[in-house]
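Below: start.cif (mmCIF, C-alpha atoms)
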data_target
loop_
_atom_site.label_atom_id
_atom_site.label_comp_id
_atom_site.auth_asym_id
_atom_site.auth_seq_id
_atom_site.Cartn_x
_atom_site.Cartn_y
_atom_site.Cartn_z
CA MET Y 1 -15.35 8.95 -13.61
CA PRO Y 2 -13.41 8.67 -10.32
CA THR Y 3 -9.63 8.64 -10.55
CA ALA Y 4 -7.34 6.64 -8.29
CA LEU Y 5 -3.61 7.06 -7.78
CA VAL Y 6 -1.84 3.78 -6.96
CA THR Y 7 1.80 3.58 -5.97
CA GLY Y 8 3.81 0.49 -6.79
CA GLY Y 9 1.17 -0.39 -9.35
CA SER Y 10 3.29 -2.28 -11.86
CA SER Y 11 3.53 -5.65 -10.14
CA GLY Y 12 2.32 -7.85 -7.31
CA ILE Y 13 -0.31 -6.39 -5.01
CA GLY Y 14 -0.20 -3.01 -6.75
CA LEU Y 15 -0.97 -4.55 -10.13
CA ALA Y 16 -3.90 -6.47 -8.64
CA ILE Y 17 -5.19 -3.23 -7.08
CA CYS Y 18 -5.00 -1.48 -10.44
CA ARG Y 19 -6.97 -4.29 -12.06
CA GLU Y 20 -9.68 -4.21 -9.38
CA LEU Y 21 -10.05 -0.45 -9.62
CA LEU Y 22 -10.20 -0.51 -13.41
CA ASP Y 23 -12.83 -3.24 -13.29
CA ALA Y 24 -14.83 -1.09 -10.86
CA GLY Y 25 -14.86 1.80 -13.33
CA HIS Y 26 -12.03 3.97 -12.05
CA ALA Y 27 -9.42 5.73 -14.08
CA VAL Y 28 -6.07 4.70 -12.62
CA ILE Y 29 -2.72 6.46 -12.47
CA SER Y 30 0.15 4.22 -11.39
CA LEU Y 31 3.38 5.51 -9.88
CA ASP Y 32 6.20 3.00 -10.04
CA ARG Y 33 9.87 2.66 -10.91
CA LYS Y 34 8.96 0.10 -13.60
CA PRO Y 35 6.77 0.32 -16.72
CA HIS Y 36 3.20 -0.88 -16.27
CA PRO Y 37 2.25 -4.19 -17.93
CA LEU Y 38 -1.33 -3.08 -18.59
CA ALA Y 39 -2.51 -0.60 -21.19
CA GLY Y 40 -5.79 1.18 -21.80
CA GLU Y 41 -7.39 4.58 -22.08
CA ARG Y 42 -8.26 4.61 -18.35
CA LEU Y 43 -4.74 3.69 -17.22
CA ARG Y 44 -1.75 6.01 -17.08
CA ALA Y 45 1.68 5.09 -15.78
CA ILE Y 46 4.22 7.56 -14.41
CA ILE Y 47 7.75 6.34 -13.81
CA VAL Y 48 9.10 7.67 -10.52
CA ASP Y 49 11.27 6.61 -7.60
CA LEU Y 50 9.34 7.41 -4.43
CA ALA Y 51 12.60 7.43 -2.50
CA ASP Y 52 13.15 10.85 -4.10
CA THR Y 53 10.90 13.38 -2.36
CA GLU Y 54 11.12 16.06 -5.04
CA ALA Y 55 10.53 13.54 -7.84
CA THR Y 56 7.49 12.28 -5.93
CA ALA Y 57 6.09 15.81 -5.68
CA VAL Y 58 6.67 16.38 -9.40
CA ALA Y 59 4.96 13.08 -10.23
CA ALA Y 60 1.98 14.10 -8.11
CA ARG Y 61 1.66 17.39 -9.96
CA ASP Y 62 1.92 15.52 -13.25
CA ALA Y 63 -0.82 13.10 -12.17
CA LEU Y 64 -3.09 15.99 -11.16
CA ALA Y 65 -2.71 17.73 -14.52
CA GLY Y 66 -5.68 15.70 -15.76
CA GLY Y 67 -7.92 16.80 -12.90
CA PRO Y 68 -8.62 15.99 -9.24
CA ILE Y 69 -7.81 12.56 -7.84
CA THR Y 70 -10.08 11.43 -5.02
CA THR Y 71 -8.60 8.01 -4.23
CA LEU Y 72 -5.04 7.37 -3.08
CA VAL Y 73 -3.70 3.87 -2.55
CA HIS Y 74 -0.15 3.95 -1.21
CA ASN Y 75 1.05 0.43 -1.85
CA ALA Y 76 4.71 0.86 -2.84
CA GLY Y 77 7.09 -0.77 -0.42
CA LEU Y 78 10.66 -1.81 0.21
CA LEU Y 79 12.06 -4.59 2.35
CA ARG Y 80 15.50 -4.54 3.91
CA GLU Y 81 15.80 -7.64 6.04
CA ALA Y 82 18.04 -7.11 9.06
CA ARG Y 83 18.01 -7.94 12.73
CA LEU Y 84 18.77 -5.39 15.41
CA ASP Y 85 22.50 -6.02 15.46
CA THR Y 86 22.88 -5.34 11.72
CA VAL Y 87 20.13 -2.86 10.84
CA THR Y 88 21.46 0.57 9.85
CA THR Y 89 20.15 4.09 10.07
CA ASP Y 90 20.25 4.11 6.27
CA ASP Y 91 17.79 1.20 6.29
CA LEU Y 92 15.45 3.13 8.58
CA ALA Y 93 15.71 6.30 6.50
CA ALA Y 94 15.19 4.54 3.16
CA LEU Y 95 12.11 2.61 4.22
CA SER Y 96 10.62 5.57 6.07
CA GLN Y 97 11.09 7.67 2.95
CA VAL Y 98 9.05 5.31 0.80
CA HIS Y 99 6.48 4.14 3.32
CA VAL Y 100 5.88 7.35 5.28
CA THR Y 101 7.29 10.46 3.60
CA ALA Y 102 5.92 9.56 0.17
CA ALA Y 103 2.50 8.96 1.74
CA VAL Y 104 2.54 12.45 3.25
CA VAL Y 105 3.73 14.13 0.03
CA LEU Y 106 1.09 12.41 -2.09
CA ALA Y 107 -1.76 12.92 0.36
CA GLN Y 108 -0.93 16.62 0.64
CA ALA Y 109 -0.94 16.95 -3.15
CA LEU Y 110 -4.32 15.24 -3.57
CA LEU Y 111 -6.01 16.80 -0.55
CA PRO Y 112 -7.25 20.03 -2.20
CA GLY Y 113 -9.19 18.04 -4.82
CA MET Y 114 -10.66 15.74 -2.18
CA ARG Y 115 -11.70 18.71 -0.07
CA ALA Y 116 -13.32 20.43 -3.03
CA ALA Y 117 -15.31 17.26 -3.75
CA ARG Y 118 -16.01 16.69 -0.04
CA PHE Y 119 -15.09 13.11 -0.77
CA GLY Y 120 -11.89 11.11 -0.61
CA ARG Y 121 -10.52 7.66 0.00
CA ILE Y 122 -6.98 7.10 1.28
CA VAL Y 123 -5.81 3.52 1.72
CA LEU Y 124 -2.34 2.75 3.04
CA ILE Y 125 -0.85 -0.71 2.59
CA ALA Y 126 1.02 -1.72 5.73
CA SER Y 127 1.89 -5.28 6.77
CA ARG Y 128 1.15 -7.95 9.32
CA ALA Y 129 4.76 -7.29 10.36
CA VAL Y 130 3.56 -4.26 12.33
CA LEU Y 131 2.69 -6.79 15.05
CA GLY Y 132 6.32 -7.87 15.17
CA LEU Y 133 8.50 -10.10 13.03
CA ALA Y 134 12.14 -11.05 13.55
CA GLY Y 135 14.52 -9.46 11.07
CA ARG Y 136 12.13 -6.63 10.17
CA THR Y 137 13.23 -3.72 12.35
CA ALA Y 138 13.16 -1.03 9.64
CA TYR Y 139 10.28 -2.57 7.72
CA ALA Y 140 8.00 -3.13 10.71
CA ALA Y 141 8.77 0.29 12.19
CA SER Y 142 8.04 2.22 8.99
CA LYS Y 143 4.93 0.18 8.21
CA ALA Y 144 3.67 0.66 11.78
CA ALA Y 145 4.04 4.41 11.26
CA MET Y 146 1.37 4.13 8.57
CA LEU Y 147 -1.17 3.10 11.20
CA GLY Y 148 -0.42 6.31 13.09
CA LEU Y 149 -0.80 8.35 9.93
CA ALA Y 150 -4.14 6.76 9.13
CA ARG Y 151 -5.62 7.22 12.59
CA SER Y 152 -4.49 10.84 12.78
CA TRP Y 153 -5.65 11.71 9.27
CA ALA Y 154 -8.98 9.97 9.86
CA LEU Y 155 -9.68 12.33 12.77
CA GLU Y 156 -8.58 15.38 10.79
CA LEU Y 157 -10.36 14.59 7.53
CA GLY Y 158 -13.51 12.79 8.60
CA PRO Y 159 -15.59 15.99 8.78
CA GLU Y 160 -14.78 16.61 5.11
CA GLY Y 161 -16.01 13.24 3.86
CA ILE Y 162 -12.53 11.74 3.50
CA THR Y 163 -11.83 8.30 4.94
CA VAL Y 164 -8.39 6.92 5.72
CA ASN Y 165 -7.81 3.22 6.32
CA VAL Y 166 -5.03 0.63 6.31
CA VAL Y 167 -4.82 -2.81 4.75
CA ALA Y 168 -2.16 -4.99 6.38
CA PRO Y 169 -1.31 -8.09 4.33
CA GLY Y 170 0.21 -11.24 5.74
CA PRO Y 171 2.44 -13.52 3.64
CA VAL Y 172 1.46 -12.99 0.01
CA GLU Y 173 3.03 -14.56 -3.06
CA THR Y 174 4.86 -11.56 -4.52
CA ASP Y 175 8.38 -10.70 -5.62
CA MET Y 176 9.03 -9.27 -2.14
CA LEU Y 177 8.33 -12.64 -0.53
CA PHE Y 178 10.37 -14.49 -3.13
CA ALA Y 179 13.30 -12.14 -2.50
CA VAL Y 180 13.44 -13.62 1.01
CA LEU Y 181 12.35 -17.17 0.12
CA PRO Y 182 13.26 -18.06 -3.49
CA PRO Y 183 10.66 -20.05 -5.46
CA GLY Y 184 11.10 -23.73 -4.73
CA ASP Y 185 12.54 -23.14 -1.27
CA PRO Y 186 10.99 -25.77 1.05
CA ARG Y 187 10.46 -23.04 3.63
CA ILE Y 188 7.66 -21.65 1.46
CA ALA Y 189 5.55 -24.76 2.00
CA ALA Y 190 6.34 -24.66 5.71
CA LEU Y 191 5.32 -21.00 5.83
CA ALA Y 192 2.02 -21.77 4.14
CA GLN Y 193 1.32 -24.54 6.66
CA SER Y 194 1.95 -22.12 9.53
CA VAL Y 195 -0.86 -19.86 8.28
CA PRO Y 196 -4.21 -20.73 9.92
CA MET Y 197 -5.83 -20.84 6.46
CA ARG Y 198 -3.03 -23.21 5.35
CA ARG Y 199 -2.13 -21.20 2.27
CA LEU Y 200 -0.27 -18.07 1.27
CA GLY Y 201 -2.19 -15.02 0.20
CA GLN Y 202 -2.59 -13.91 -3.39
CA PRO Y 203 -2.35 -10.28 -4.53
CA GLU Y 204 -6.05 -10.36 -5.38
CA ASP Y 205 -6.91 -11.11 -1.74
CA VAL Y 206 -5.40 -7.78 -0.76
CA ALA Y 207 -6.77 -5.90 -3.75
CA ARG Y 208 -10.35 -6.83 -2.87
CA ALA Y 209 -9.88 -5.38 0.61
CA VAL Y 210 -8.56 -2.16 -0.90
CA LEU Y 211 -11.57 -1.95 -3.20
CA PHE Y 212 -13.84 -2.28 -0.16
CA PHE Y 213 -12.26 0.74 1.53
CA ALA Y 214 -12.22 2.69 -1.75
CA ASP Y 215 -15.92 2.14 -2.41
CA PRO Y 216 -17.92 5.40 -2.11
CA ALA Y 217 -20.63 3.43 -0.30
CA ASN Y 218 -18.29 2.65 2.61
CA GLY Y 219 -18.09 6.13 4.06
CA PHE Y 220 -18.65 5.26 7.73
CA ILE Y 221 -15.42 3.29 8.15
CA THR Y 222 -12.28 5.28 8.86
CA GLY Y 223 -9.09 5.02 10.89
CA GLN Y 224 -9.21 1.22 10.75
CA THR Y 225 -6.63 -1.47 9.99
CA LEU Y 226 -7.80 -4.59 8.18
CA PHE Y 227 -5.43 -7.54 8.37
CA VAL Y 228 -5.63 -9.63 5.19
CA CYS Y 229 -3.39 -12.29 6.58
CA GLY Y 230 -5.04 -15.71 6.63
CA GLY Y 231 -5.28 -15.44 10.41
CA THR Y 232 -1.58 -14.79 11.09
CA SER Y 233 -2.39 -11.61 13.01
CA ILE Y 234 -3.92 -13.78 15.74
CA GLY Y 235 -1.62 -16.81 15.60
CA GLY Y 236 0.64 -18.95 13.49
CA LEU Y 237 3.27 -17.71 11.04
CA ALA Y 238 6.76 -19.17 11.01
CA LEU Y 239 9.26 -17.37 8.81
#
For the file at hand, write its structure as structure tokens.
Amino acid sequence: MPTALVTGGSSGIGLAICRELLDAGHAVISLDRKPHPLAGERLRAIIVDLADTEATAVAARDALAGGPITTLVHNAGLLREARLDTVTTDDLAALSQVHVTAAVVLAQALLPGMRAARFGRIVLIASRAVLGLAGRTAYAASKAAMLGLARSWALELGPEGITVNVVAPGPVETDMLFAVLPPGDPRIAALAQSVPMRRLGQPEDVARAVLFFADPANGFITGQTLFVCGGTSIGGLAL
């Protein structure tokens, strides 16, 4: 049975990813700061703050105690909204720690098992914001770094049967969105109307894209970024 490690798996997009992977027959290990709402013999939850590098490394070793993990989905994310004149170096460091450093630490931990199996799937969850979005200096910069990681790792790991891809969601109905636009805020309806598909995304929209990249049958796709954004990567979007 293949095992997948999913960060930020307790809610929103991460929870939907866990469900899709479980339905597809994977065992799933979730890393999150919060308890996991699902339970089952194929699901294990490890409580960890990925902002802590050493704790992340310990959690990875704990996850690997049950055997090799050949799928990594790095979904955990933070948002600190700030324009250029107010963004701080602390904002940049904090978001880079979670989005970039944690990805490196986890990938390094899982890599020996992937290499031994000559198979691996790494999926990084970035954002449509990598194309630019006002008020997202730290967020867009750290998420854009994930695209560089994926393209570099794809070149390094392709000969060993390991693919590395990125899913970049647009506006999706999650707690992160509602932290910026509270439920009931009229701007939510306006945002949805600015999306070419005239709706906001759902976590399941993103999870299905992740499952595509994680599928063992899709071994000839690597180093790619798939925007799951309702068309906002090519036009629209008012936030």
Among Y:Ala93, Y:Ala102, Y:Leu79, Y:Val206, Phe178 of chain Y is approached most closely, using only C-alpha atoms, by Y:Leu79
Hey, can you pull every residue with an atom no more than 12 Å from (8.2, 10.9, 1.2), using all atoms listed in the file, and send it as a ChimeraX atom specification? /Y:49-57,60,74,76-77,93-109,142
Shortest interatomic distance to Pro68 of chain Y - which of Y:Leu38, Y:Val28, Y:Ala117, Y:Ala168, counting all atoms listed in the file: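 Result for the nearest residue to Pro68 of chain Y: Y:Ala117.
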Between atom CA of Ala116 of chain Y and atom CA of Leu64 of chain Y - distance in Å to one decimal: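 It comes out at 13.8 Å.
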Please determine, counting all atoms listed in the file, which residue among Y:Ser233, Y:Thr7, Y:Ser127, Y:Thr163 has the shortest atom-to-atom distance to Phe212 of chain Y. Y:Thr163
If the PyMOL selection byres ((chain Y and resi 170) around 6) is run on the structure shown, which residues does it catch, given as a list in words?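 Those residues are Arg128, Pro169, Pro171 and Cys229 of chain Y.
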Residue with smallest distance to Gly120 of chain Y - pool Y:Asp215, Y:Asp32, Y:Glu81, Y:Asp175, counting only C-alpha atoms: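 Checking each candidate against Gly120 of chain Y, we get Y:Asp215 as the closest.
Shortest separation to Ala141 of chain Y among Y:Ala179, Y:Ala190, Y:Val172, Y:Val87 occurs at residue Y:Val87, atoms counted being all atoms listed in the file.
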Select, from Y:Leu181, Y:Thr225, Y:Asp91, Y:Gly67, the residue with the minimum atom-to-atom distance to Ala144 of chain Y, counting all atoms listed in the file.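 Result for the nearest residue to Ala144 of chain Y: Y:Thr225.
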Here atom CA of Arg199 of chain Y and atom CA of Arg19 of chain Y stand apart by 22.7 Å
Using Å and a single decimal, report how far atom CA of Ser10 of chain Y sits from atom CA of Arg42 of chain Y. 14.9 Å
Asn218 of chain Y: which residues within 12 Å, counting all atoms listed in the file, same-chain residues fewer than 2 positions away excluded, as an mmCIF file with C-alpha atoms, in the coordinates of the input?
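Written out: selection_33.cif:
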data_model
loop_
_atom_site.group_PDB
_atom_site.id
_atom_site.type_symbol
_atom_site.label_atom_id
_atom_site.label_comp_id
_atom_site.auth_asym_id
_atom_site.auth_seq_id
_atom_site.Cartn_x
_atom_site.Cartn_y
_atom_site.Cartn_z
ATOM 1 C CA PHE Y 119 -15.090 13.110 -0.770
ATOM 2 C CA GLY Y 120 -11.890 11.110 -0.610
ATOM 3 C CA ARG Y 121 -10.520 7.660 0.000
ATOM 4 C CA GLY Y 161 -16.010 13.240 3.860
ATOM 5 C CA ILE Y 162 -12.530 11.740 3.500
ATOM 6 C CA THR Y 163 -11.830 8.300 4.940
ATOM 7 C CA VAL Y 164 -8.390 6.920 5.720
ATOM 8 C CA ASN Y 165 -7.810 3.220 6.320
ATOM 9 C CA ALA Y 209 -9.880 -5.380 0.610
ATOM 10 C CA VAL Y 210 -8.560 -2.160 -0.900
ATOM 11 C CA LEU Y 211 -11.570 -1.950 -3.200
ATOM 12 C CA PHE Y 212 -13.840 -2.280 -0.160
ATOM 13 C CA PHE Y 213 -12.260 0.740 1.530
ATOM 14 C CA ALA Y 214 -12.220 2.690 -1.750
ATOM 15 C CA ASP Y 215 -15.920 2.140 -2.410
ATOM 16 C CA PRO Y 216 -17.920 5.400 -2.110
ATOM 17 C CA PHE Y 220 -18.650 5.260 7.730
ATOM 18 C CA ILE Y 221 -15.420 3.290 8.150
ATOM 19 C CA THR Y 222 -12.280 5.280 8.860
#
